[in-house]
Amino acid sequence: MGGCLHKPLQQDCSHYREGAAVLELGEGFFRPDSRPSRDLSVLIAAGLRQGGAQRPQRWLDLMAGCGIRALRWGLEACADEAPLLPELWVNDADGERGPLLQRNLAPLTAFGERVQLRRLPAEVLLRQAYLDQRYFDLIDLDAFGCPNALLQASVQALAFEGVLLLASTDGRSPTGHDRPAAVRRFGAAARVHPASWEIALRLQFAALAREAWLLGRGLQPLLAFSEGRTFRLAIRLRQHMQPKEEHQLGLLARCDACGAQAIQPLLRLQGWPPCACSNAGGRWAVSGPLWLGPLQNQSFLQDLRRLGEEMPASVAPATRRLLERLSADPGLPPTVWPTAELAQRLRLPGPPSQLDLVTTLRAQGFNAFGSAVMAGQVRTDAPYERLLQCCRNLDLEDR
Ligand SMILES: C[S@@+](CC[C@H](N)C(=O)[O-])C[C@H]1O[C@@H](n2cnc3c(N)ncnc32)[C@H](O)[C@@H]1O
């Protein structure tokens, strides 16, 4: 697929500018709209550098395309005075990308031989790195389709406290639209759910957690978001698991007839309670095992926002908005309802204001947040009947 197909017509394919990078896009895949994910990777790299600049780091752009991420890491995340530059490993299996990558990475002269260009299948590079005991502090895995076949090798090549940025464009299997593929790729049930992007992210975290746990390592989610086409998340690999980390894996059930939802950690799995259907006619559709824990790490996001203030040219307005949104919603609890669905079920003339609903639920002592993952959705641990009652009351107040 030609890269220019993904760009506005007026855009010049020969010299694309983003952050401090000016580069050629070539004929391969490139999406200007993915800039927020690249900006975040620059901020994450800058944060890693600030946190561990006393020792040389190693960063890997595993599926580099035109090399824009690695180039921006080198130009923007390493623009400080610190003498130790990281090793930058830049890889793309498409051999035809080689000359383009070489031209695009030429501005990184200060790195000298610390830029390592490879044209290997990702699995080969990762396995070789493991055999050579070469561990990466940052791996960016920007895959086409589902990346799960590469997860074990990626986790094995990640340093302790290292960060893995993961992208998946497999939108069908984790959203309930290809259930056999969800079983094959995630070892999980994926059912259609109005918060389908969040379910997809939770299934992805679960797949990663299992790979980390198999190695006796722990997993800390840092951030997660989607625009419905690509599912992106970042995790930190911990040398040890946190106490009760396994409690974060569980099942999420939803009754399509009444809209009730329920969760259970696998470790405390029992029968499901009745849903809210009056005639017991409801039936839970169960998704999982998936990650029931937080999606976003608030202090990590605070650090990224601070870095964004220090590096304004690295942060597009859309990225700044994304960071604000993610900072306002930890991604807990995992039960999320669209306000439009609640209004429809109650036959209200329109959905309640998200802000009013969150405020009301909090005033009653429940956890409640506007979802940062999908617009117009409310996340809460309020019992379903209370949630519906709050919507009714808000509607009455509006009249
Ligand atoms: C989504 S694009 C990367 C986009 C780039 N990271 C960016 O931000 O613009 C995916 C790239 O991965 C490469 N690729 C696909 N499968 C691969 C594999 N198994 N190993 C290494 N590279 C691969 C493709 O050639 C393509 O350039």
# chains A, B, ... in the order shown; residues from 1 in each chain; ligands from 1

$ select_by_dssp --residues "segment 104-286 of chain A" --states "alpha helix (DSSP H)" --output "PyMOL selection string"
chain A and resi 104+122-131+151-156+179-186+196-214

$ residues_near_ligand --ligand "ligand 1" --cutoff "8 Å" --atoms "only C-alpha atoms and all ligand atoms" --output "ChimeraX atom specification"
/A:28-32,34-35,37-38,61-69,91-94,97,119-123,140-144

$ atom_distance --atom1 "atom CA of Gly187 of chain A" --atom2 "atom CA of Arg217 of chain A"
20.1 Å

$ closest_atom_pairs --of "segment 301-394 of chain A" --to "segment 266-289 of chain A" --cutoff "12 Å" --atoms "only C-alpha atoms" --output "CSV"
residue,atom,partner,partner_atom,distance
A:Pro334,CA,A:Ser287,CA,11.9
A:Arg345,CA,A:Cys277,CA,11.9
A:Pro383,CA,A:Ala276,CA,10.1
A:Tyr384,CA,A:Ala276,CA,7.8
A:Glu385,CA,A:Ala276,CA,7.7
A:Arg386,CA,A:Ala276,CA,11.4
A:Leu387,CA,A:Ala276,CA,11.9
A:Leu388,CA,A:Ala276,CA,10.8

$ write_last_selection --atoms "N, CA, C and O atoms" --output "short mmCIF file (atom, residue, chain, number, x, y, z; two decimals), in the first residue's frame"
data_model
loop_
_atom_site.label_atom_id
_atom_site.label_comp_id
_atom_site.auth_asym_id
_atom_site.auth_seq_id
_atom_site.Cartn_x
_atom_site.Cartn_y
_atom_site.Cartn_z
N PRO A 334 -13.60 -1.40 35.56
CA PRO A 334 -13.71 -1.74 34.13
C PRO A 334 -15.12 -1.74 33.57
O PRO A 334 -15.30 -2.01 32.40
N ARG A 345 -32.36 2.99 27.21
CA ARG A 345 -33.00 1.96 28.04
C ARG A 345 -34.10 2.55 28.92
O ARG A 345 -35.10 1.91 29.20
N PRO A 383 -23.87 0.17 41.60
CA PRO A 383 -24.76 -0.91 41.13
C PRO A 383 -25.62 -0.38 39.98
O PRO A 383 -25.98 0.80 39.94
N TYR A 384 -25.95 -1.26 39.06
CA TYR A 384 -26.63 -0.84 37.83
C TYR A 384 -27.94 -0.10 38.12
O TYR A 384 -28.24 0.92 37.50
N GLU A 385 -28.71 -0.60 39.11
CA GLU A 385 -29.99 0.05 39.42
C GLU A 385 -29.75 1.49 39.88
O GLU A 385 -30.53 2.39 39.55
N ARG A 386 -28.69 1.69 40.68
CA ARG A 386 -28.37 3.05 41.15
C ARG A 386 -27.96 3.94 39.99
O ARG A 386 -28.32 5.13 39.93
N LEU A 387 -27.21 3.37 39.07
CA LEU A 387 -26.78 4.13 37.90
C LEU A 387 -28.01 4.59 37.10
O LEU A 387 -28.12 5.76 36.71
N LEU A 388 -28.95 3.66 36.90
CA LEU A 388 -30.16 4.01 36.15
C LEU A 388 -30.97 5.07 36.92
O LEU A 388 -31.49 6.02 36.32
#

$ select_by_dssp --residues "segment 88-238 of chain A" --states "strand (DSSP E or B)" --output "ChimeraX atom specification"
/A:88-91,115-118,136-142,158-168,189,218-226,231-238

$ closest_residue --among "A:Thr339, A:Gln152, A:Gln344, A:Ser314" --to "Leu164 of chain A" --atoms "only C-alpha atoms"
A:Gln152

$ closest_residue --among "A:Val315, A:Leu394, A:Gln302, A:Arg127" --to "Glu18 of chain A" --atoms "only C-alpha atoms"
A:Val315

$ closest_residue --among "A:Ala340, A:Leu151, A:Val373, A:Leu251" --to "Leu323 of chain A" --atoms "only C-alpha atoms"
A:Val373

$ residues_around --residues "segment 232-240 of chain A" --least-positions-apart "3" --cutoff "8 Å" --atoms "only C-alpha atoms" --output "PDB file with C-alpha atoms, in the first residue's frame"
ATOM      1  CA  SER A  37       1.443   7.850  19.341  1.00  0.00           C
ATOM      2  CA  VAL A 155       9.157  -9.303  26.725  1.00  0.00           C
ATOM      3  CA  LEU A 158      13.033  -6.025  27.404  1.00  0.00           C
ATOM      4  CA  ALA A 159      15.247  -4.833  30.269  1.00  0.00           C
ATOM      5  CA  PHE A 160      13.823  -4.787  33.806  1.00  0.00           C
ATOM      6  CA  GLU A 161      11.882  -1.527  34.172  1.00  0.00           C
ATOM      7  CA  GLY A 162      11.955  -1.279  30.381  1.00  0.00           C
ATOM      8  CA  VAL A 163       8.968   0.074  28.481  1.00  0.00           C
ATOM      9  CA  LEU A 164       7.176  -1.696  25.635  1.00  0.00           C
ATOM     10  CA  LEU A 165       4.998   0.377  23.330  1.00  0.00           C
ATOM     11  CA  LEU A 166       2.615  -1.878  21.492  1.00  0.00           C
ATOM     12  CA  ALA A 167       0.252  -1.238  18.603  1.00  0.00           C
ATOM     13  CA  SER A 168      -2.285  -3.604  17.111  1.00  0.00           C
ATOM     14  CA  LEU A 201      -7.192  -2.965  25.179  1.00  0.00           C
ATOM     15  CA  ALA A 212       5.416 -11.485  31.532  1.00  0.00           C
ATOM     16  CA  GLY A 216       8.154 -14.628  36.546  1.00  0.00           C
ATOM     17  CA  ARG A 217       8.044 -10.893  35.741  1.00  0.00           C
ATOM     18  CA  GLY A 218       5.471  -8.278  36.606  1.00  0.00           C
ATOM     19  CA  LEU A 219       3.558  -5.955  34.321  1.00  0.00           C
ATOM     20  CA  GLN A 220       2.612  -2.359  34.992  1.00  0.00           C
ATOM     21  CA  PRO A 221       0.216  -0.733  32.515  1.00  0.00           C
ATOM     22  CA  LEU A 222       1.282   2.844  31.743  1.00  0.00           C
ATOM     23  CA  LEU A 223      -1.261   4.033  29.218  1.00  0.00           C
ATOM     24  CA  ALA A 224      -3.793   2.766  26.677  1.00  0.00           C
ATOM     25  CA  PHE A 225      -5.895   4.390  23.992  1.00  0.00           C
ATOM     26  CA  SER A 226      -7.482   3.840  20.612  1.00  0.00           C
TER      27      SER A 226
END

$ closest_residue --among "A:Ala21, A:Leu40, A:Lys244, A:Ala70" --to "Arg321 of chain A" --atoms "only C-alpha atoms"
A:Leu40

$ residues_around --residues "segment 181-183 of chain A" --least-positions-apart "3" --cutoff "12 Å" --atoms "only C-alpha atoms" --output "list in words"
Gly145, Cys146, Asn148, Asp170, Gly171, Arg172, Ser173, Pro174, Thr175, Gly176, His177, Asp178, Phe186, Gly187, Ala188, Ala189, Ala190, Arg191, Val192, Ile199, Ala200, Leu203, Gln204, Ala207, Ser287, Gly288, Pro289 and Leu290 of chain A

$ write_last_selection --atoms "N, CA and C atoms" --output "mmCIF file, in the first residue's frame"
data_model
loop_
_atom_site.group_PDB
_atom_site.id
_atom_site.type_symbol
_atom_site.label_atom_id
_atom_site.label_comp_id
_atom_site.auth_asym_id
_atom_site.auth_seq_id
_atom_site.Cartn_x
_atom_site.Cartn_y
_atom_site.Cartn_z
ATOM 1 N N GLY A 145 -1.752 -5.578 12.011
ATOM 2 C CA GLY A 145 -2.483 -6.741 12.504
ATOM 3 C C GLY A 145 -2.222 -6.989 13.980
ATOM 4 N N CYS A 146 -2.324 -8.263 14.364
ATOM 5 C CA CYS A 146 -2.210 -8.641 15.775
ATOM 6 C C CYS A 146 -0.746 -8.962 16.116
ATOM 7 N N ASN A 148 0.472 -10.484 18.725
ATOM 8 C CA ASN A 148 0.646 -11.404 19.857
ATOM 9 C C ASN A 148 1.720 -12.471 19.654
ATOM 10 N N ASP A 170 -5.432 -5.138 14.783
ATOM 11 C CA ASP A 170 -6.439 -6.202 14.750
ATOM 12 C C ASP A 170 -7.673 -5.694 15.497
ATOM 13 N N GLY A 171 -8.588 -5.110 14.756
ATOM 14 C CA GLY A 171 -9.769 -4.553 15.403
ATOM 15 C C GLY A 171 -10.912 -5.541 15.493
ATOM 16 N N ARG A 172 -10.844 -6.646 14.755
ATOM 17 C CA ARG A 172 -12.012 -7.526 14.692
ATOM 18 C C ARG A 172 -12.054 -8.541 15.832
ATOM 19 N N SER A 173 -10.917 -9.212 16.052
ATOM 20 C CA SER A 173 -11.002 -10.320 17.016
ATOM 21 C C SER A 173 -11.213 -9.843 18.453
ATOM 22 N N PRO A 174 -10.538 -8.764 18.927
ATOM 23 C CA PRO A 174 -10.763 -8.427 20.345
ATOM 24 C C PRO A 174 -12.026 -7.608 20.587
ATOM 25 N N THR A 175 -12.767 -7.273 19.525
ATOM 26 C CA THR A 175 -13.994 -6.497 19.733
ATOM 27 C C THR A 175 -15.246 -7.358 19.558
ATOM 28 N N GLY A 176 -15.055 -8.655 19.434
ATOM 29 C CA GLY A 176 -16.215 -9.543 19.370
ATOM 30 C C GLY A 176 -16.725 -9.778 17.955
ATOM 31 N N HIS A 177 -16.005 -9.303 16.945
ATOM 32 C CA HIS A 177 -16.485 -9.470 15.573
ATOM 33 C C HIS A 177 -15.876 -10.685 14.874
ATOM 34 N N ASP A 178 -14.900 -11.309 15.521
ATOM 35 C CA ASP A 178 -14.357 -12.562 14.993
ATOM 36 C C ASP A 178 -13.988 -13.406 16.217
ATOM 37 N N PHE A 186 -5.971 -14.632 21.458
ATOM 38 C CA PHE A 186 -5.942 -14.147 22.855
ATOM 39 C C PHE A 186 -6.244 -15.253 23.860
ATOM 40 N N GLY A 187 -6.643 -16.442 23.357
ATOM 41 C CA GLY A 187 -7.070 -17.499 24.275
ATOM 42 C C GLY A 187 -8.227 -17.006 25.123
ATOM 43 N N ALA A 188 -9.121 -16.231 24.512
ATOM 44 C CA ALA A 188 -10.161 -15.554 25.301
ATOM 45 C C ALA A 188 -11.454 -15.436 24.503
ATOM 46 N N ALA A 189 -12.536 -15.233 25.252
ATOM 47 C CA ALA A 189 -13.818 -14.907 24.621
ATOM 48 C C ALA A 189 -13.898 -13.392 24.470
ATOM 49 N N ALA A 190 -14.296 -12.936 23.294
ATOM 50 C CA ALA A 190 -14.497 -11.496 23.084
ATOM 51 C C ALA A 190 -15.914 -11.323 22.575
ATOM 52 N N ARG A 191 -16.746 -10.655 23.355
ATOM 53 C CA ARG A 191 -18.141 -10.469 22.983
ATOM 54 C C ARG A 191 -18.373 -9.011 22.625
ATOM 55 N N VAL A 192 -19.357 -8.799 21.754
ATOM 56 C CA VAL A 192 -19.687 -7.424 21.366
ATOM 57 C C VAL A 192 -20.111 -6.660 22.615
ATOM 58 N N ILE A 199 -12.475 -3.049 25.776
ATOM 59 C CA ILE A 199 -12.358 -4.513 25.909
ATOM 60 C C ILE A 199 -11.125 -4.980 25.128
ATOM 61 N N ALA A 200 -10.948 -4.426 23.923
ATOM 62 C CA ALA A 200 -9.791 -4.831 23.107
ATOM 63 C C ALA A 200 -8.488 -4.511 23.835
ATOM 64 N N LEU A 203 -8.010 -6.969 26.687
ATOM 65 C CA LEU A 203 -7.559 -8.281 26.213
ATOM 66 C C LEU A 203 -6.072 -8.235 25.863
ATOM 67 N N GLN A 204 -5.644 -7.115 25.304
ATOM 68 C CA GLN A 204 -4.235 -6.978 24.928
ATOM 69 C C GLN A 204 -3.346 -6.946 26.169
ATOM 70 N N ALA A 207 -3.049 -10.461 27.462
ATOM 71 C CA ALA A 207 -2.123 -11.286 26.671
ATOM 72 C C ALA A 207 -0.683 -10.978 27.083
ATOM 73 N N SER A 287 -16.872 -11.861 28.429
ATOM 74 C CA SER A 287 -15.604 -11.625 27.718
ATOM 75 C C SER A 287 -14.444 -11.884 28.673
ATOM 76 N N GLY A 288 -13.372 -12.425 28.120
ATOM 77 C CA GLY A 288 -12.168 -12.596 28.917
ATOM 78 C C GLY A 288 -11.645 -14.013 28.829
ATOM 79 N N PRO A 289 -10.594 -14.315 29.564
ATOM 80 C CA PRO A 289 -9.924 -13.482 30.551
ATOM 81 C C PRO A 289 -9.350 -12.197 29.944
ATOM 82 N N LEU A 290 -9.563 -11.104 30.686
ATOM 83 C CA LEU A 290 -9.007 -9.827 30.299
ATOM 84 C C LEU A 290 -8.472 -9.111 31.537
#

$ atom_distance --atom1 "atom CA of Ala206 of chain A" --atom2 "atom CA of Ala46 of chain A"
27.2 Å

$ atom_distance --atom1 "atom CA of Asn367 of chain A" --atom2 "atom CA of Thr380 of chain A"
5.4 Å

$ residues_around --residues "segment 131-134 of chain A" --least-positions-apart "6" --cutoff "12 Å" --atoms "only C-alpha atoms" --output "JSON, numbers by chain"
{"A": [57, 58, 59, 60, 87, 89, 124, 125, 153, 154, 156, 157, 158, 159]}

$ write_last_selection --atoms "all heavy atoms" --output "short mmCIF file (atom, residue, chain, number, x, y, z; two decimals), in the first residue's frame"
data_model
loop_
_atom_site.label_atom_id
_atom_site.label_comp_id
_atom_site.auth_asym_id
_atom_site.auth_seq_id
_atom_site.Cartn_x
_atom_site.Cartn_y
_atom_site.Cartn_z
N GLN A 57 21.68 3.54 27.58
CA GLN A 57 20.45 2.81 27.33
C GLN A 57 20.45 2.27 25.90
O GLN A 57 21.29 2.64 25.09
CB GLN A 57 19.25 3.73 27.54
CG GLN A 57 19.13 4.21 28.97
CD GLN A 57 17.72 4.67 29.30
OE1 GLN A 57 16.85 4.75 28.45
NE2 GLN A 57 17.52 4.96 30.56
N ARG A 58 19.45 1.44 25.65
CA ARG A 58 19.32 0.86 24.30
C ARG A 58 17.84 0.91 23.94
O ARG A 58 17.00 0.42 24.71
CB ARG A 58 19.81 -0.59 24.38
CG ARG A 58 20.15 -1.17 23.06
CD ARG A 58 20.71 -2.57 23.21
NE ARG A 58 22.12 -2.62 23.54
CZ ARG A 58 22.62 -3.32 24.55
NH1 ARG A 58 21.85 -4.02 25.36
NH2 ARG A 58 23.92 -3.33 24.76
N TRP A 59 17.53 1.54 22.83
CA TRP A 59 16.14 1.68 22.41
C TRP A 59 15.97 1.00 21.06
O TRP A 59 16.86 1.08 20.20
CB TRP A 59 15.76 3.17 22.27
CG TRP A 59 15.90 3.95 23.55
CD1 TRP A 59 16.02 3.47 24.82
CD2 TRP A 59 15.95 5.38 23.66
NE1 TRP A 59 16.12 4.50 25.72
CE2 TRP A 59 16.08 5.68 25.04
CE3 TRP A 59 15.88 6.43 22.75
CZ2 TRP A 59 16.15 6.99 25.52
CZ3 TRP A 59 15.95 7.73 23.22
CH2 TRP A 59 16.08 8.01 24.59
N LEU A 60 14.81 0.39 20.85
CA LEU A 60 14.57 -0.37 19.61
C LEU A 60 13.27 0.07 18.93
O LEU A 60 12.18 -0.04 19.50
CB LEU A 60 14.47 -1.87 19.96
CG LEU A 60 14.00 -2.81 18.85
CD1 LEU A 60 14.92 -2.78 17.64
CD2 LEU A 60 13.88 -4.25 19.38
N GLU A 87 21.96 3.64 22.62
CA GLU A 87 22.07 2.95 21.33
C GLU A 87 20.69 2.97 20.70
O GLU A 87 19.71 2.64 21.38
CB GLU A 87 22.46 1.49 21.55
CG GLU A 87 23.93 1.21 21.46
CD GLU A 87 24.23 -0.26 21.73
OE1 GLU A 87 23.39 -1.14 21.41
OE2 GLU A 87 25.30 -0.52 22.29
N TRP A 89 18.50 1.21 17.99
CA TRP A 89 18.36 0.10 17.03
C TRP A 89 17.12 0.38 16.19
O TRP A 89 16.03 0.62 16.73
CB TRP A 89 18.22 -1.21 17.78
CG TRP A 89 19.54 -1.66 18.34
CD1 TRP A 89 20.27 -1.04 19.32
CD2 TRP A 89 20.29 -2.79 17.93
NE1 TRP A 89 21.43 -1.72 19.54
CE2 TRP A 89 21.48 -2.81 18.71
CE3 TRP A 89 20.10 -3.81 17.00
CZ2 TRP A 89 22.44 -3.81 18.56
CZ3 TRP A 89 21.07 -4.79 16.86
CH2 TRP A 89 22.23 -4.79 17.64
N VAL A 124 13.36 -12.53 14.40
CA VAL A 124 14.78 -12.89 14.33
C VAL A 124 15.60 -11.90 15.17
O VAL A 124 16.45 -12.30 15.98
CB VAL A 124 15.26 -12.89 12.86
CG1 VAL A 124 16.77 -13.10 12.78
CG2 VAL A 124 14.51 -13.95 12.07
N LEU A 125 15.31 -10.61 15.00
CA LEU A 125 16.07 -9.60 15.77
C LEU A 125 15.89 -9.81 17.27
O LEU A 125 16.85 -9.78 18.04
CB LEU A 125 15.62 -8.19 15.37
CG LEU A 125 16.49 -7.08 15.98
CD1 LEU A 125 16.60 -5.90 15.02
CD2 LEU A 125 15.97 -6.58 17.32
N ALA A 153 8.78 -12.95 22.70
CA ALA A 153 10.14 -12.54 22.32
C ALA A 153 10.39 -11.09 22.72
O ALA A 153 11.50 -10.73 23.13
CB ALA A 153 10.32 -12.73 20.82
N SER A 154 9.37 -10.24 22.62
CA SER A 154 9.55 -8.82 22.98
C SER A 154 9.80 -8.69 24.48
O SER A 154 10.69 -7.95 24.91
CB SER A 154 8.30 -8.00 22.61
OG SER A 154 8.06 -8.10 21.24
N GLN A 156 10.97 -10.91 26.44
CA GLN A 156 12.28 -11.49 26.78
C GLN A 156 13.43 -10.54 26.44
O GLN A 156 14.49 -10.62 27.05
CB GLN A 156 12.47 -12.82 26.07
CG GLN A 156 11.75 -13.95 26.79
CD GLN A 156 11.97 -15.29 26.14
OE1 GLN A 156 11.96 -15.40 24.92
NE2 GLN A 156 12.15 -16.31 26.94
N ALA A 157 13.21 -9.67 25.47
CA ALA A 157 14.29 -8.75 25.06
C ALA A 157 14.21 -7.41 25.78
O ALA A 157 14.99 -6.51 25.51
CB ALA A 157 14.24 -8.53 23.55
N LEU A 158 13.24 -7.30 26.69
CA LEU A 158 13.03 -6.03 27.40
C LEU A 158 13.82 -6.04 28.71
O LEU A 158 13.81 -7.04 29.44
CB LEU A 158 11.53 -5.89 27.69
CG LEU A 158 10.92 -4.52 27.91
CD1 LEU A 158 11.21 -3.57 26.76
CD2 LEU A 158 9.40 -4.67 28.10
N ALA A 159 14.51 -4.94 29.01
CA ALA A 159 15.25 -4.83 30.27
C ALA A 159 14.26 -4.71 31.43
O ALA A 159 13.12 -4.27 31.23
CB ALA A 159 16.15 -3.60 30.23
#

$ decode --residues "segment 127-138 of chain A" --atoms "N, CA and C atoms" --output "CSV table (one decimal), in the first residue's frame"
chain,number,residue,atom,x,y,z
A,127,ARG,N,14.9,-12.6,18.9
A,127,ARG,CA,15.6,-13.8,19.4
A,127,ARG,C,17.1,-13.7,19.5
A,128,GLN,N,17.6,-13.0,18.5
A,128,GLN,CA,19.1,-12.8,18.5
A,128,GLN,C,19.5,-12.0,19.6
A,129,ALA,N,18.7,-10.9,19.9
A,129,ALA,CA,19.0,-10.0,21.0
A,129,ALA,C,19.0,-10.8,22.3
A,130,TYR,N,18.1,-11.7,22.5
A,130,TYR,CA,18.0,-12.5,23.7
A,130,TYR,C,19.2,-13.4,23.8
A,131,LEU,N,19.6,-14.1,22.7
A,131,LEU,CA,20.7,-15.0,22.7
A,131,LEU,C,22.0,-14.2,23.1
A,132,ASP,N,22.1,-13.0,22.6
A,132,ASP,CA,23.3,-12.1,22.8
A,132,ASP,C,23.2,-11.4,24.2
A,133,GLN,N,22.1,-11.6,24.9
A,133,GLN,CA,21.9,-10.9,26.2
A,133,GLN,C,21.9,-9.4,26.0
A,134,ARG,N,21.3,-9.0,24.9
A,134,ARG,CA,21.2,-7.6,24.6
A,134,ARG,C,19.7,-7.1,24.9
A,135,TYR,N,19.6,-6.4,26.0
A,135,TYR,CA,18.2,-6.0,26.4
A,135,TYR,C,17.9,-4.6,26.1
A,136,PHE,N,16.7,-4.3,25.8
A,136,PHE,CA,16.3,-2.9,25.4
A,136,PHE,C,15.5,-2.2,26.5
A,137,ASP,N,15.8,-1.0,26.7
A,137,ASP,CA,15.1,-0.2,27.7
A,137,ASP,C,13.8,0.3,27.2
A,138,LEU,N,13.7,0.4,25.8
A,138,LEU,CA,12.5,0.8,25.1
A,138,LEU,C,12.3,0.0,23.9
